[in-house]
Amino acid sequence: MSNTDLSGEASRDDEPRRHDAAARPSAAESAGGDGIPDAEPPGGPLASPVGRLAVTVERLRSEVQAAHAAADGRALMDLAKGVLVERLHCGPAEAARQLSELAEQSAMTPLELAVDIINQAARDRLTEVAVDFATAVRGTPPTMPPTMPPTASAAVRLRTAESSALAAEDTQAVADSLLQHALEPLGATGVAIWAAGADGSLTLAGSSGFPEGEAERWRYVPPGVATVARTALTERRTEWIRSLAAGPPSIGRTHHPDGGRVAVPTGVGGRIHGVLEICWPTPLVAQPPAVVRQFEALAELCAHTLEIHSPSSSLTLDGPPPRTVLSELTDLADSLCDPALVLIPQVDDTGHLTDFRIHHVNHRFRDPAGRPRSTVDGALLLEAYPLAADENGLFSHLERVYATGEPFRAGHMTLTALVDQVPLSSVAEVSMTRHGDSVLLIWRIEDEMARLANLLEHAQRLGRIGGFEENFVTGEITWNSQLFALYGRAESDGPAPVEDLRAHAHPDDAVAIGRFLRTVLHHRKPASAAFRLLRPDGVTRHIRVVAEPVVDIDDSLLAVRGAYQDVSAQHWTEVALAATRDQLAHSEQQSAERNRLALQLQQAIMPSTAAPLDAPGLRTAVRYRPAETDHLVGGDWYDAVVLPSKHILLSVGDVAGHGIEAATSMVVLRNALRGLAVTGAGPAQLLSWLNSVAHHLSDSVTATAVCALYDPFRRVLRWARAGHLPPVLVRDGQATTLPLLKGLLLGAASDITYQEAEMRLEIGDTLLMYTDGLVERRDRSMEESLKHLLMTASAKKTTLDQRLDHLLTYSRSDTDDDTCIISIEVM
């Protein structure tokens, strides 16, 4: 049915209508009266009886469609007239006249005006959709599809679809109407209406637009089969599938494998009656909100139809179901051996599910809180068990079961009840099933004794413990299954007496087993023993057995009970730990010896203080602070020596690493620098030669260093650095660092050139050379540490020794590394 058909038929509502097909000449009749179009040449396809029959069938089909369109239009017009009769308090004829005049004044067709009047009176979901379409058309947003129908046409189509759906005799007619009136203009080519069964299955209640035979193949979908409609039913929300190529299967997929789908759950009062599935031949694009709301409105129409034509259509949600339906469910609950509740859904004025009424409590019911049956019977579920409303708790599962019809079962669910505001919890096995419009809730509280026995069994299995009891009065011996597994015996072989324990043990353990048996059987006292069990499969296990006697008042032995535990893993772990402890002790001893030798070597070469140099106009002082822990013995060094040229060699350095290797490398570099300085070369050349020593003549040694030559006669200092912190000059009570000369650390590359600088010292100047152990911190940058060093060095001190002691005392270093300081003061 097109909008033009509707408008055309409705505009003649006040005139006498004739719908006889013979009153309107067909295309064949207008052609010439002989049933053959004039354009068709003699001998064409229509000249045959089959051709004429096809033309007649097509004509009759068009006339039937036109009749349906006229009927739909008349239904909407009659409904609008009824609204006018109620509002204007007039008769039907006056209402028809008013409708025609209003349509003429508003430049609308009578059918469009009728739909507008219905929308204003109804104010339902379809009205909201019509308003959305009106807003979209006026605003013409960029995202609106180019095929968006006019506002009036959309409203007419929706109301026509509603009228057809409400008047339809079955769901199939509803599917045809929805596709023809509302969905084909949106590009949809197929509609499927699925009815949800009580067991979670789906039945195809109606379909339109699919090839012949497709509906029969998809007539029934069993529970648990993943389809597009199943996803919407399970998730209880609209599912948008852009393309079936990446989605679950569904009806019509073989013909449009890349088509898009929308599945909308159809429900009333919290219960989902089915799913409306809409199909497109091409991938689905994003839809505007008005179209989305239209899908939801159409789903409500389907829910109404499914509710009427479903087997449980006689049930109502505003009160309890008929007694004949509930009586069967009540009898079923009473026949169960477990506690059961029959629940009836409760909905509010808006149709939303709010709670369940406990309609019946069977005779086996045991309240988790210990309340009598009369307290719970007839109450609302959330009033009797308010904690059931917790997220993912009991009530949410009941909602899902009632909405989808899919049963729910849980082996272990915590049920909590409030008793005097104190929550009491118990673990139960829960089952929920929907029967018509009611839900049967069954729970079985887990037996405490059975639960503890089950826990004990698992504990014995995990701990590899087997229990036994031997009755000396009856001669009966009882083993559990875990003990048979420890012994490697089949249960059909039967248990072995405790007195035969020696026969299953290693011969070397006979003495220990004999002592154990005498203590238990003769002295009547508990005892334990460890032995090696020889199993029939040739495996030897380390076992610990503990037993106690059972005696009567006369101290006669009645029985012995006890347990075996497989401690093989523990035994071999203890053996491995003992060997590891021995190895660790040996390694610790070797490490301590190495650290002791390194410390002795370092202290022999680097004393904490050194004798002052015999140099004119110069006072020298050194300090060495070793690491606080012996295992961190490092490679820091200092040196101050008068060369044959009467120049004074000043140097500090730090070899990377700790231990004996760092200490020996320090000795090599320190002595090499002394020997190279005798040549009279400058500091830069000395560091270049020392780098060759570190790179070629040592085992991958890297180090930082500062080398300086001081001429006491001219008071000139020449210096160079290799990756080390710059020296500090204290002049007139102000401490500053010397320029940061370029120079890579020693041993990093084979050929390195170092930058050299020269400066003249004044009387009273103090020069400090140090290693990073004086300033380095883990939580501070080097710039902050140097700033603190300059502040400390600027403190006024009377002697050079006091200045160095002050630096060591107020150092903020936290790396626990060696520290070397060498200083000169010009006099």
# chains A, B, ... in the order shown; residues from 1 in each chain; ligands from 1
>>> select_by_dssp(residues="region 693-808 of chain A", states="strand (DSSP E or B)", output="number ranges by chain")
A: 703-711, 716-723, 728-731, 734-737, 746, 756-760, 766-770
>>> write_last_selection(atoms="N, CA, C and O atoms", output="compact mmCIF listing (two decimals), in the first residue's frame")
# COMPACT_ATOMS: atom_id res chain seq x y z
N ALA A 703 86.20 3.47 34.22
CA ALA A 703 86.38 4.28 35.42
C ALA A 703 86.25 5.74 35.05
O ALA A 703 86.38 6.14 33.89
N THR A 704 85.98 6.58 36.06
CA THR A 704 86.00 8.03 35.92
C THR A 704 87.18 8.57 36.72
O THR A 704 87.61 7.95 37.71
N ALA A 705 87.69 9.72 36.31
CA ALA A 705 88.87 10.25 37.00
C ALA A 705 89.00 11.74 36.73
O ALA A 705 88.50 12.26 35.72
N VAL A 706 89.71 12.44 37.65
CA VAL A 706 90.14 13.83 37.48
C VAL A 706 91.63 13.87 37.76
O VAL A 706 92.09 13.35 38.80
N CYS A 707 92.38 14.45 36.83
CA CYS A 707 93.84 14.54 36.98
C CYS A 707 94.25 16.01 36.91
O CYS A 707 93.81 16.74 36.01
N ALA A 708 95.09 16.43 37.88
CA ALA A 708 95.54 17.83 37.92
C ALA A 708 97.03 17.89 38.25
O ALA A 708 97.55 17.05 39.01
N LEU A 709 97.72 18.87 37.66
CA LEU A 709 99.13 19.16 37.95
C LEU A 709 99.21 20.60 38.45
O LEU A 709 98.73 21.52 37.79
N TYR A 710 99.80 20.74 39.63
CA TYR A 710 99.89 22.07 40.23
C TYR A 710 101.37 22.48 40.32
O TYR A 710 102.22 21.75 40.83
N ASP A 711 101.64 23.72 39.79
CA ASP A 711 102.98 24.31 39.86
C ASP A 711 103.01 25.25 41.06
O ASP A 711 102.43 26.34 41.02
N VAL A 716 99.91 27.82 39.36
CA VAL A 716 99.10 27.51 38.18
C VAL A 716 98.65 26.04 38.27
O VAL A 716 99.45 25.15 38.52
N LEU A 717 97.35 25.88 38.04
CA LEU A 717 96.75 24.54 38.07
C LEU A 717 96.27 24.17 36.66
O LEU A 717 95.52 24.90 36.05
N ARG A 718 96.78 23.03 36.16
CA ARG A 718 96.33 22.47 34.89
C ARG A 718 95.55 21.19 35.21
O ARG A 718 96.03 20.36 35.98
N TRP A 719 94.37 20.99 34.59
CA TRP A 719 93.57 19.83 34.95
C TRP A 719 92.72 19.35 33.77
O TRP A 719 92.49 20.07 32.80
N ALA A 720 92.30 18.10 33.85
CA ALA A 720 91.44 17.46 32.85
C ALA A 720 90.58 16.42 33.57
O ALA A 720 90.90 15.97 34.68
N ARG A 721 89.46 16.06 32.92
CA ARG A 721 88.54 15.10 33.54
C ARG A 721 88.11 14.04 32.53
O ARG A 721 88.04 14.30 31.32
N ALA A 722 87.84 12.83 33.06
CA ALA A 722 87.36 11.71 32.23
C ALA A 722 86.04 11.21 32.83
O ALA A 722 86.01 10.28 33.63
N GLY A 723 84.94 11.91 32.47
CA GLY A 723 83.62 11.50 32.93
C GLY A 723 83.38 11.71 34.40
O GLY A 723 82.39 11.19 34.94
N VAL A 728 85.90 21.54 42.87
CA VAL A 728 85.25 22.69 43.48
C VAL A 728 86.33 23.64 43.99
O VAL A 728 87.27 23.22 44.69
N LEU A 729 86.19 24.92 43.66
CA LEU A 729 87.11 25.95 44.10
C LEU A 729 86.42 26.83 45.13
O LEU A 729 85.33 27.35 44.86
N VAL A 730 87.05 26.99 46.31
CA VAL A 730 86.52 27.85 47.36
C VAL A 730 87.40 29.08 47.42
O VAL A 730 88.60 28.99 47.76
N ARG A 731 86.83 30.23 47.08
CA ARG A 731 87.60 31.48 47.06
C ARG A 731 86.76 32.56 47.74
O ARG A 731 85.60 32.77 47.38
N GLN A 734 83.29 31.61 49.00
CA GLN A 734 82.28 31.25 48.01
C GLN A 734 82.76 30.05 47.21
O GLN A 734 83.86 30.09 46.63
N ALA A 735 81.98 28.97 47.19
CA ALA A 735 82.37 27.74 46.50
C ALA A 735 81.71 27.68 45.13
O ALA A 735 80.51 27.92 45.01
N THR A 736 82.51 27.36 44.10
CA THR A 736 82.01 27.19 42.73
C THR A 736 82.68 25.98 42.11
O THR A 736 83.78 25.59 42.52
N THR A 737 82.03 25.40 41.11
CA THR A 737 82.63 24.28 40.38
C THR A 737 83.45 24.82 39.22
O THR A 737 83.12 25.85 38.62
N LEU A 746 87.11 6.54 31.25
CA LEU A 746 88.24 5.69 30.88
C LEU A 746 87.75 4.31 30.49
O LEU A 746 86.86 3.74 31.14
N GLU A 756 91.73 20.07 28.17
CA GLU A 756 92.54 20.49 29.32
C GLU A 756 92.31 21.97 29.57
O GLU A 756 92.12 22.76 28.64
N ALA A 757 92.33 22.37 30.85
CA ALA A 757 92.15 23.77 31.23
C ALA A 757 93.24 24.18 32.21
O ALA A 757 93.86 23.33 32.87
N GLU A 758 93.47 25.49 32.31
CA GLU A 758 94.52 26.03 33.19
C GLU A 758 93.97 27.25 33.89
O GLU A 758 93.24 28.06 33.30
N MET A 759 94.29 27.37 35.16
CA MET A 759 93.87 28.54 35.92
C MET A 759 94.91 28.84 37.00
O MET A 759 95.63 27.95 37.45
N ARG A 760 94.96 30.11 37.39
CA ARG A 760 95.91 30.55 38.41
C ARG A 760 95.17 30.65 39.75
O ARG A 760 94.10 31.24 39.83
N THR A 766 91.08 27.31 48.07
CA THR A 766 91.01 25.89 48.44
C THR A 766 90.40 25.13 47.27
O THR A 766 89.34 25.51 46.75
N LEU A 767 91.07 24.05 46.85
CA LEU A 767 90.60 23.22 45.75
C LEU A 767 90.19 21.86 46.31
O LEU A 767 90.94 21.23 47.05
N LEU A 768 88.98 21.41 45.95
CA LEU A 768 88.44 20.13 46.41
C LEU A 768 88.25 19.22 45.20
O LEU A 768 87.61 19.61 44.21
N MET A 769 88.77 18.00 45.28
CA MET A 769 88.53 16.94 44.29
C MET A 769 87.96 15.74 45.04
O MET A 769 88.48 15.36 46.10
N TYR A 770 86.89 15.10 44.52
CA TYR A 770 86.11 14.14 45.30
C TYR A 770 85.52 13.10 44.35
O TYR A 770 85.50 13.26 43.12
>>> atom_distance(atom1="CA of Ala530 (chain A)", atom2="CA of Asp509 (chain A)")
8.2 Å
>>> select_by_dssp(residues="region 439-552 of chain A", states="helix (DSSP H, G or I)", output="VMD selection string")
chain A and resid 448 to 462 481 to 487 491 to 493 498 to 504 507 to 522
>>> closest_residue(among="A:Thr238, A:Phe516, A:Ser177, A:Thr227", to="Ser208 (chain A)", atoms="only C-alpha atoms")
A:Ser177
>>> atom_distance(atom1="CA of Val285 (chain A)", atom2="CA of Ala229 (chain A)")
19.2 Å
>>> closest_residue(among="A:Leu441, A:Ala547, A:Leu643, A:Val498", to="Gly680 (chain A)", atoms="only C-alpha atoms")
A:Leu643
>>> residues_around(residues="Thr330 (chain A)", least_positions_apart="4", cutoff="10 Å", atoms="only C-alpha atoms", output="list in words")
Arg323, Val325, Leu326, Asp334, Ser335, Ala340, Leu341, Val342, His359, His360, Val361, Asn362 and Leu440 of chain A
